[in-house]
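Undergrad: Next comes the structure file my_file-v2.cif, holding mmCIF, C-alpha atoms.
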data_final
#
loop_
_atom_site.label_atom_id
_atom_site.label_comp_id
_atom_site.auth_asym_id
_atom_site.auth_seq_id
_atom_site.Cartn_x
_atom_site.Cartn_y
_atom_site.Cartn_z
CA MET A 1 6.99 17.45 27.60
CA ASP A 2 3.88 16.63 29.63
CA PHE A 3 3.89 12.90 30.30
CA GLN A 4 1.11 12.81 32.88
CA LEU A 5 -0.53 9.42 32.41
CA SER A 6 -4.19 8.97 31.62
CA SER A 7 -6.33 6.62 33.72
CA GLN A 8 -6.05 3.98 30.99
CA GLU A 9 -2.26 4.32 30.92
CA GLU A 10 -2.10 4.10 34.72
CA LYS A 11 -4.17 0.92 34.55
CA PHE A 12 -1.80 -0.53 31.97
CA ARG A 13 1.22 0.29 34.15
CA ASP A 14 -0.41 -1.53 37.07
CA GLU A 15 -1.00 -4.52 34.78
CA VAL A 16 2.67 -4.60 33.78
CA ARG A 17 3.84 -4.33 37.37
CA ALA A 18 1.50 -7.14 38.45
CA PHE A 19 2.80 -9.35 35.64
CA LEU A 20 6.40 -8.71 36.67
CA LYS A 21 5.62 -9.48 40.29
CA ASP A 22 4.02 -12.80 39.35
CA ASN A 23 6.45 -13.94 36.66
CA LEU A 24 9.89 -12.47 37.38
CA PRO A 25 11.93 -14.12 40.16
CA PRO A 26 13.59 -11.70 42.61
CA GLU A 27 17.02 -10.44 41.54
CA GLY A 28 19.75 -12.84 42.63
CA GLU A 29 17.41 -15.82 42.88
CA LYS A 30 18.39 -18.77 40.71
CA ARG A 31 16.08 -19.13 37.73
CA PRO A 32 14.90 -22.44 36.26
CA ALA A 33 16.70 -23.69 33.16
CA ASP A 34 13.61 -23.09 31.06
CA PHE A 35 12.84 -19.66 32.53
CA LEU A 36 13.70 -17.67 29.40
CA ALA A 37 11.62 -19.93 27.15
CA GLN A 38 8.65 -19.62 29.52
CA TRP A 39 9.13 -15.86 29.74
CA ASN A 40 9.16 -15.45 25.95
CA THR A 41 6.00 -17.54 25.65
CA LYS A 42 4.16 -15.49 28.27
CA VAL A 43 5.06 -12.04 26.90
CA ARG A 44 4.24 -13.23 23.38
CA GLU A 45 0.81 -14.46 24.53
CA LYS A 46 0.14 -11.01 25.98
CA ARG A 47 1.16 -9.48 22.64
CA TRP A 48 3.82 -7.41 24.35
CA VAL A 49 6.37 -8.43 21.70
CA GLY A 50 5.83 -5.93 18.91
CA PHE A 51 3.46 -4.18 21.28
CA SER A 52 2.98 -1.05 19.16
CA TRP A 53 2.59 -2.98 15.90
CA PRO A 54 -0.91 -3.23 14.39
CA ALA A 55 -3.05 -5.98 15.86
CA GLU A 56 -3.91 -7.25 12.38
CA VAL A 57 -0.31 -8.37 11.83
CA GLY A 58 -0.01 -9.98 15.26
CA GLY A 59 1.22 -7.00 17.27
CA GLY A 60 -0.32 -5.58 20.40
CA GLY A 61 -1.94 -2.57 18.77
CA GLY A 62 -0.79 -0.53 21.77
CA SER A 63 -0.22 3.19 21.84
CA LEU A 64 3.22 4.76 21.74
CA MET A 65 2.90 5.92 25.34
CA GLU A 66 1.88 2.46 26.53
CA GLN A 67 4.92 1.03 24.79
CA VAL A 68 7.14 3.48 26.67
CA ILE A 69 5.48 2.44 29.94
CA LEU A 70 6.01 -1.23 29.10
CA LYS A 71 9.71 -0.79 28.32
CA GLU A 72 10.33 1.44 31.35
CA GLU A 73 8.75 -1.02 33.78
CA MET A 74 10.61 -3.95 32.23
CA ALA A 75 13.89 -2.05 32.47
CA ARG A 76 13.32 -1.04 36.09
CA ALA A 77 12.64 -4.66 37.01
CA LYS A 78 15.69 -5.82 35.00
CA ALA A 79 13.48 -8.21 33.09
CA PRO A 80 14.62 -10.08 29.95
CA GLY A 81 13.98 -8.38 26.64
CA LEU A 82 10.66 -8.48 24.85
CA GLY A 83 11.35 -10.91 22.02
CA THR A 84 14.57 -12.47 20.77
CA CYS A 85 14.75 -11.32 17.13
CA PHE A 86 16.41 -7.95 17.79
CA MET A 87 16.96 -6.73 14.24
CA GLY A 88 13.62 -8.06 13.11
CA LEU A 89 11.83 -6.18 15.87
CA ALA A 90 13.93 -3.02 15.68
CA TRP A 91 13.68 -2.23 11.97
CA VAL A 92 13.02 -5.18 9.62
CA GLY A 93 9.51 -5.79 10.93
CA PRO A 94 8.47 -2.12 10.84
CA SER A 95 9.80 -1.86 7.27
CA ILE A 96 7.79 -4.90 6.17
CA ILE A 97 4.69 -3.50 7.86
CA GLN A 98 5.13 -0.19 6.03
CA TYR A 99 6.32 -1.36 2.61
CA GLY A 100 5.63 -5.08 2.40
CA THR A 101 2.93 -6.96 0.51
CA GLU A 102 0.25 -8.84 2.40
CA GLU A 103 2.01 -12.10 1.53
CA GLN A 104 5.29 -10.80 2.98
CA LYS A 105 3.58 -9.68 6.17
CA GLN A 106 1.93 -13.07 6.65
CA LYS A 107 5.16 -14.91 5.89
CA TYR A 108 7.67 -12.95 7.99
CA ILE A 109 5.94 -10.96 10.74
CA PRO A 110 4.74 -13.94 12.84
CA ASP A 111 8.24 -15.48 12.83
CA ILE A 112 9.79 -12.16 13.88
CA LEU A 113 7.36 -11.86 16.76
CA ASP A 114 7.94 -15.49 17.79
CA GLY A 115 11.73 -15.14 17.51
CA ALA A 116 11.79 -18.15 15.20
CA TYR A 117 15.10 -17.05 13.67
CA GLN A 118 17.45 -14.07 13.31
CA TRP A 119 17.72 -11.39 10.63
CA CYS A 120 20.84 -9.53 9.52
CA THR A 121 21.29 -6.32 7.53
CA GLY A 122 23.19 -6.20 4.24
CA TYR A 123 23.98 -2.48 3.96
CA SER A 124 27.66 -1.50 4.28
CA GLU A 125 30.23 -2.33 1.59
CA PRO A 126 34.06 -2.20 1.57
CA ASP A 127 34.21 0.88 -0.68
CA SER A 128 31.15 2.75 0.62
CA GLY A 129 31.52 2.63 4.41
CA SER A 130 29.03 4.96 6.06
CA ASP A 131 28.16 6.55 2.70
CA LEU A 132 25.44 3.98 2.18
CA ALA A 133 24.03 5.60 -0.96
CA SER A 134 27.30 4.88 -2.81
CA LEU A 135 26.76 1.11 -2.62
CA LYS A 136 27.69 -0.92 -5.70
CA CYS A 137 26.38 -4.44 -5.01
CA LYS A 138 24.95 -5.20 -8.45
CA CYS A 139 21.51 -6.64 -9.09
CA VAL A 140 20.02 -7.53 -12.47
CA ARG A 141 16.51 -8.77 -13.09
CA GLU A 142 16.13 -11.96 -15.11
CA GLY A 143 12.47 -12.87 -15.51
CA ASP A 144 10.96 -13.58 -12.09
CA GLU A 145 14.32 -13.44 -10.30
CA TYR A 146 16.99 -10.93 -9.39
CA VAL A 147 20.64 -11.98 -9.78
CA VAL A 148 22.94 -10.41 -7.16
CA ASN A 149 26.73 -10.03 -7.36
CA GLY A 150 28.94 -8.13 -4.93
CA GLN A 151 30.01 -7.92 -1.33
CA LYS A 152 28.79 -6.59 2.02
CA ILE A 153 30.85 -6.04 5.16
CA TRP A 154 30.30 -5.32 8.86
CA THR A 155 27.14 -7.42 8.69
CA SER A 156 26.10 -8.15 12.27
CA ILE A 157 25.23 -11.77 13.20
CA ALA A 158 25.23 -12.87 9.55
CA MET A 159 26.67 -16.25 10.59
CA TRP A 160 23.63 -16.95 12.79
CA SER A 161 20.89 -15.46 10.65
CA LYS A 162 18.36 -17.17 8.44
CA MET A 163 17.30 -14.03 6.54
CA MET A 164 18.90 -10.78 5.37
CA ILE A 165 17.37 -7.44 4.44
CA LEU A 166 19.66 -6.44 1.56
CA LEU A 167 20.28 -3.25 -0.39
CA VAL A 168 21.40 -3.62 -4.01
CA ARG A 169 21.83 -1.34 -7.00
CA THR A 170 19.39 -2.13 -9.79
CA ASP A 171 20.04 1.03 -11.83
CA THR A 172 23.34 2.85 -12.39
CA GLU A 173 22.00 5.45 -14.84
CA VAL A 174 20.53 7.80 -12.23
CA ASP A 175 20.88 11.52 -11.46
CA SER A 176 21.18 10.95 -7.71
CA LYS A 177 23.10 8.14 -6.03
CA HIS A 178 20.12 7.69 -3.71
CA ASP A 179 18.06 6.49 -6.67
CA GLY A 180 18.37 3.10 -8.33
CA ILE A 181 18.65 1.24 -5.00
CA THR A 182 16.33 -1.71 -4.30
CA CYS A 183 15.62 -3.65 -1.10
CA LEU A 184 15.46 -7.47 -1.15
CA LEU A 185 14.66 -10.09 1.49
CA VAL A 186 17.24 -12.84 1.01
CA GLU A 187 17.53 -16.34 2.46
CA MET A 188 21.01 -16.85 3.89
CA ASP A 189 21.27 -20.42 2.59
CA SER A 190 20.84 -19.24 -1.00
CA GLU A 191 23.25 -20.81 -3.48
CA GLY A 192 26.21 -18.53 -4.17
CA LEU A 193 26.01 -16.70 -0.83
CA GLU A 194 29.08 -17.00 1.43
CA VAL A 195 29.55 -15.69 4.98
CA ARG A 196 33.02 -15.07 6.45
CA PRO A 197 33.10 -14.03 10.16
CA ILE A 198 35.36 -11.11 11.18
CA LYS A 199 37.06 -11.65 14.54
CA ASN A 200 37.21 -8.74 16.96
CA MET A 201 40.03 -7.76 19.33
CA GLY A 202 38.66 -10.04 22.04
CA GLY A 203 38.64 -13.10 19.80
CA GLY A 204 34.88 -13.18 19.26
CA ALA A 205 33.00 -12.47 16.06
CA MET A 206 29.83 -10.41 15.73
CA PHE A 207 30.49 -8.96 12.26
CA ALA A 208 30.96 -10.80 8.99
CA GLU A 209 31.72 -10.28 5.32
CA VAL A 210 29.05 -11.58 2.96
CA PHE A 211 29.79 -12.44 -0.68
CA PHE A 212 27.21 -12.79 -3.45
CA ASN A 213 28.10 -14.81 -6.55
CA ASP A 214 25.10 -15.01 -8.91
CA VAL A 215 22.71 -15.28 -5.97
CA ARG A 216 19.15 -15.61 -7.25
CA VAL A 217 16.33 -13.92 -5.32
CA PRO A 218 12.66 -14.20 -6.33
CA VAL A 219 11.09 -10.91 -7.38
CA GLU A 220 8.36 -11.59 -4.81
CA ASN A 221 11.07 -11.05 -2.15
CA ARG A 222 11.51 -7.40 -3.13
CA LEU A 223 10.48 -5.04 -0.34
CA GLY A 224 8.82 -1.96 -1.78
CA ASP A 225 9.09 -0.94 -5.42
CA GLU A 226 12.21 -1.33 -7.53
CA GLY A 227 14.36 1.73 -6.91
CA GLN A 228 12.61 2.51 -3.60
CA GLY A 229 15.30 0.95 -1.42
CA TRP A 230 16.64 4.23 -0.09
CA GLN A 231 13.24 5.25 1.31
CA VAL A 232 12.83 1.81 2.90
CA THR A 233 16.26 2.09 4.52
CA VAL A 234 15.80 5.63 5.82
CA SER A 235 12.59 4.52 7.48
CA ALA A 236 14.30 1.48 8.99
CA LEU A 237 17.31 3.37 10.37
CA ALA A 238 15.11 6.15 11.76
CA ASN A 239 13.15 3.49 13.62
CA GLU A 240 16.39 2.14 15.08
CA ARG A 241 17.87 5.49 16.09
CA SER A 242 14.71 6.90 17.60
CA SER A 243 14.43 4.05 20.10
CA ILE A 244 14.97 5.16 23.68
CA ALA A 245 15.23 1.55 24.86
CA GLU A 246 19.04 1.71 24.56
CA VAL A 247 19.05 4.31 27.34
CA TYR A 248 17.68 1.67 29.69
CA GLY A 249 20.43 -0.72 28.65
CA LEU A 250 23.11 1.88 29.35
CA ARG A 251 21.54 2.66 32.70
CA ARG A 252 21.69 -1.02 33.63
CA LYS A 253 25.33 -1.15 32.53
CA MET A 254 25.98 1.90 34.67
CA ASP A 255 24.52 0.13 37.71
CA GLU A 256 26.81 -2.82 37.03
CA LEU A 257 29.85 -0.54 36.78
CA GLU A 258 28.99 1.05 40.12
CA ASP A 259 28.64 -2.43 41.63
CA LEU A 260 32.02 -3.40 40.14
CA ALA A 261 33.60 -0.30 41.69
CA GLU A 262 32.03 -1.17 45.03
CA ARG A 263 33.43 -4.73 44.92
CA THR A 264 36.90 -3.86 43.62
CA VAL A 265 39.66 -2.97 46.11
CA ARG A 266 42.81 -1.23 44.92
CA ALA A 267 45.69 -0.30 47.26
CA GLY A 268 43.46 -0.99 50.25
CA GLN A 269 40.70 1.30 49.03
CA LYS A 270 37.41 0.57 47.31
CA ALA A 271 37.47 1.82 43.73
CA ILE A 272 34.12 3.55 44.32
CA GLU A 273 35.86 5.79 46.88
CA MET A 274 38.61 6.95 44.50
CA PRO A 275 37.97 10.53 43.26
CA SER A 276 39.06 9.77 39.67
CA ILE A 277 36.66 6.83 39.46
CA ARG A 278 33.79 8.78 41.00
CA ARG A 279 34.28 11.64 38.51
CA ARG A 280 34.16 9.27 35.55
CA LEU A 281 31.11 7.48 36.89
CA GLN A 282 29.33 10.79 37.35
CA ARG A 283 30.30 12.00 33.88
CA ALA A 284 28.93 8.86 32.27
CA ASP A 285 25.78 9.11 34.36
CA ILE A 286 25.20 12.68 33.18
CA ARG A 287 25.59 11.67 29.53
CA ILE A 288 23.08 8.87 29.94
CA GLU A 289 20.64 11.35 31.47
CA ALA A 290 21.20 13.65 28.48
CA MET A 291 20.32 10.74 26.20
CA ARG A 292 17.17 10.08 28.21
CA LEU A 293 16.05 13.70 27.92
CA ASN A 294 16.75 13.70 24.18
CA GLY A 295 14.69 10.53 23.94
CA GLN A 296 11.85 12.36 25.70
CA ARG A 297 12.05 15.11 23.09
CA PHE A 298 11.83 12.54 20.32
CA LEU A 299 8.90 10.90 22.08
CA THR A 300 7.15 14.27 22.32
CA LYS A 301 7.39 14.72 18.57
CA GLN A 302 6.04 11.22 17.97
CA LEU A 303 3.12 11.81 20.34
CA ARG A 304 2.29 14.94 18.36
CA GLY A 305 2.32 12.92 15.16
CA GLU A 306 5.45 14.66 13.88
CA PRO A 307 8.06 12.64 11.95
CA LEU A 308 11.49 12.09 13.46
CA GLY A 309 14.36 13.49 11.42
CA SER A 310 18.09 13.93 11.66
CA GLU A 311 17.98 14.92 15.33
CA THR A 312 18.00 11.23 16.29
CA SER A 313 21.68 11.14 15.25
CA ILE A 314 22.47 13.03 18.47
CA ASN A 315 21.64 10.03 20.65
CA LYS A 316 23.48 7.67 18.33
CA LEU A 317 26.57 9.86 18.73
CA HIS A 318 26.13 9.98 22.51
CA ARG A 319 25.85 6.22 22.72
CA ALA A 320 28.96 5.64 20.61
CA ALA A 321 31.03 7.81 22.98
CA LEU A 322 29.48 6.20 26.05
CA GLU A 323 30.21 2.64 24.96
CA VAL A 324 33.91 3.47 24.56
CA GLU A 325 34.07 5.51 27.76
CA MET A 326 32.29 2.92 29.89
CA GLY A 327 34.56 0.16 28.60
CA GLU A 328 37.62 2.22 29.48
CA LEU A 329 36.11 3.02 32.87
CA ALA A 330 35.70 -0.70 33.62
CA MET A 331 39.39 -1.15 32.82
CA GLU A 332 40.36 1.70 35.14
CA ILE A 333 38.22 0.28 37.95
CA THR A 334 39.83 -3.17 37.74
CA GLY A 335 43.36 -1.82 37.29
CA SER A 336 46.07 -4.25 36.21
CA ALA A 337 43.56 -7.11 36.37
CA SER A 338 41.78 -5.55 33.39
CA THR A 339 44.24 -7.28 31.04
CA LEU A 340 43.01 -10.73 32.10
CA MET A 341 40.71 -12.32 29.56
CA ARG A 342 37.93 -14.88 29.77
CA GLY A 343 39.26 -18.24 30.97
CA SER A 344 41.63 -16.86 33.59
CA ASP A 345 40.78 -18.01 37.11
CA VAL A 346 41.43 -14.55 38.54
CA ALA A 347 39.93 -12.38 35.79
CA PRO A 348 37.32 -9.97 37.23
CA ASP A 349 33.85 -11.39 36.53
CA ASN A 350 35.47 -14.07 34.33
CA GLY A 351 36.89 -11.51 31.91
CA ARG A 352 33.51 -10.02 31.08
CA TRP A 353 34.71 -6.43 31.31
CA ALA A 354 37.77 -7.02 29.14
CA ASP A 355 35.43 -8.45 26.50
CA TYR A 356 33.20 -5.39 26.85
CA ALA A 357 36.07 -2.94 26.49
CA LEU A 358 37.37 -4.68 23.37
CA GLY A 359 33.96 -5.16 21.78
CA TRP A 360 32.87 -1.55 21.40
CA PRO A 361 33.36 -1.34 17.57
CA GLU A 362 30.33 -3.56 17.06
CA VAL A 363 28.08 -1.02 18.73
CA VAL A 364 29.85 2.13 17.55
CA ILE A 365 29.94 1.15 13.87
CA GLY A 366 26.46 -0.34 13.74
CA GLY A 367 23.83 1.99 12.34
CA GLY A 368 26.38 4.53 11.09
CA THR A 369 29.78 5.59 12.43
CA PRO A 370 30.29 8.66 14.65
CA ASN A 371 31.75 10.59 11.70
CA ILE A 372 28.63 10.10 9.61
CA GLN A 373 26.46 11.11 12.58
CA LYS A 374 28.50 14.29 12.98
CA ASN A 375 28.04 15.07 9.29
CA ILE A 376 24.28 14.58 9.59
CA ILE A 377 24.11 16.88 12.62
CA ALA A 378 26.33 19.51 11.00
CA GLU A 379 24.63 19.57 7.61
CA ARG A 380 20.99 18.87 8.40
CA LEU A 381 20.58 20.38 11.86
CA LEU A 382 23.15 23.19 11.98
CA GLY A 383 23.01 24.10 8.29
CA LEU A 384 26.78 23.90 7.83
CA PRO A 385 28.25 23.32 4.34
CA LYS A 386 28.93 19.77 3.25
CA ASP A 387 32.46 18.54 3.78
#
In structure tokens, what does this structure look like?
TA:
Amino acid sequence: MDFQLSSQEEKFRDEVRAFLKDNLPPEGEKRPADFLAQWNTKVREKRWVGFSWPAEVGGGGGSLMEQVILKEEMARAKAPGLGTCFMGLAWVGPSIIQYGTEEQKQKYIPDILDGAYQWCTGYSEPDSGSDLASLKCKCVREGDEYVVNGQKIWTSIAMWSKMMILLVRTDTEVDSKHDGITCLLVEMDSEGLEVRPIKNMGGGAMFAEVFFNDVRVPVENRLGDEGQGWQVTVSALANERSSIAEVYGLRRKMDELEDLAERTVRAGQKAIEMPSIRRRLQRADIRIEAMRLNGQRFLTKQLRGEPLGSETSINKLHRAALEVEMGELAMEITGSASTLMRGSDVAPDNGRWADYALGWPEVVIGGGTPNIQKNIIAERLLGLPKD
């Protein structure tokens, strides 16, 4: 893994650092009410949102290494994210770029880059769980429309989204369950589509159930060919799991946990000085570093032009464990006060850490549960028999 930067890459890093110096207020300084809107406008004008996407679709046309530099410098400076349409940028946009028609690219890509609205993902179903290929949501073509009937579950931010990338079954007479699946781009205000939020343990709702009752979708909203949905989805999920940006987010969370331990006093002693707390902080820090090094391996393959495969499940598994462990660690740091929820005058950081500890299922389930990641690693990497 030789990541020595070229002169052009060094120049780009200097450009990013100069931009951050000029446009990002010092940490702790109060930001104007319209700061985030101004920030999003500026990074969009520089084409840093969708930086590695082709310039012809509105992206930055940047190299993979320059994108890594951009994200690293933003993370170090604790800058806001690049763009606001997370799912659109993470995997919907790349899927449309790879499989979409020119009309679809012109219609959807600019809005994704501008953060005009949110996308959600209609994959999981009540009876299929992480076995995505066993989905049953039925879709029948009638002339220039598809008619969809069925249900999806664990759909993140469905209640706030304008569009959904949806997997349906258009053919049941197939030799392999991975065949006969089609991908559609569906408007969330379509007649017959109902969203029911699912509350989490903390009282919030990030997931939802989505019901389809004779929902009609124009054939022009099909992404890829009929029956090609599995290939579209594999490409999308690989794009999500190969991202090393989540390592930066975990590192920032780790810094916040260390700050919490420094500020919290228990039995006359700072939590950061307690051996049990220090051990857990160090253990989490080591796992994050392992994720970073795995991400570097994935990056090396990409720089060599090699496709990413099942090995990206390793980082997904690491992150799932870390989200649970770091939430529990926050509870241990704050002690008995950890039971106080948002709204209590004496809740640590206004109950933020209690919310975090109770909200881990949204991250752990998303993109495939730990069990499915273990199966992928066992079967595809270690060559073990299928369970």
Undergrad: Suppose a student applies the PyMOL selection byres ((chain A and resi 211) around 8) to this structure; what residues should they get, written as a count of residues only?
TA: 12
Undergrad: Given the file shown, determine the residues that the PyMOL selection byres ((chain A and resi 161-178) around 7) selects; report them as a PyMOL selection string.
TA: chain A and resi 117-123+133-134+136-140+157-160+179-188+227+229-230
Undergrad: For the point (1.2, -9.0, 35.3) in file coordinates, what residues are within 12 Å, counting all atoms listed in the file? Give the answer as number ranges by chain?
TA: A: 11-24, 39, 42-43, 46, 48, 70, 73-74
Undergrad: I'd like to see the residues matched by the PyMOL selection byres ((chain A and resi 346-361) around 12) on this file, and ideally I'd get them as a PyMOL selection string.
TA: chain A and resi 154+156+198-207+253+256-257+259-261+263-265+319-345+362-370
Undergrad: What is the distance between CA of Leu317 in chain A and CA of Pro197 in chain A, in Å to one decimal?
TA: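 Taking CA of Leu317 in chain A as the start and CA of Pro197 in chain A as the end point, the length is 26.2 Å.
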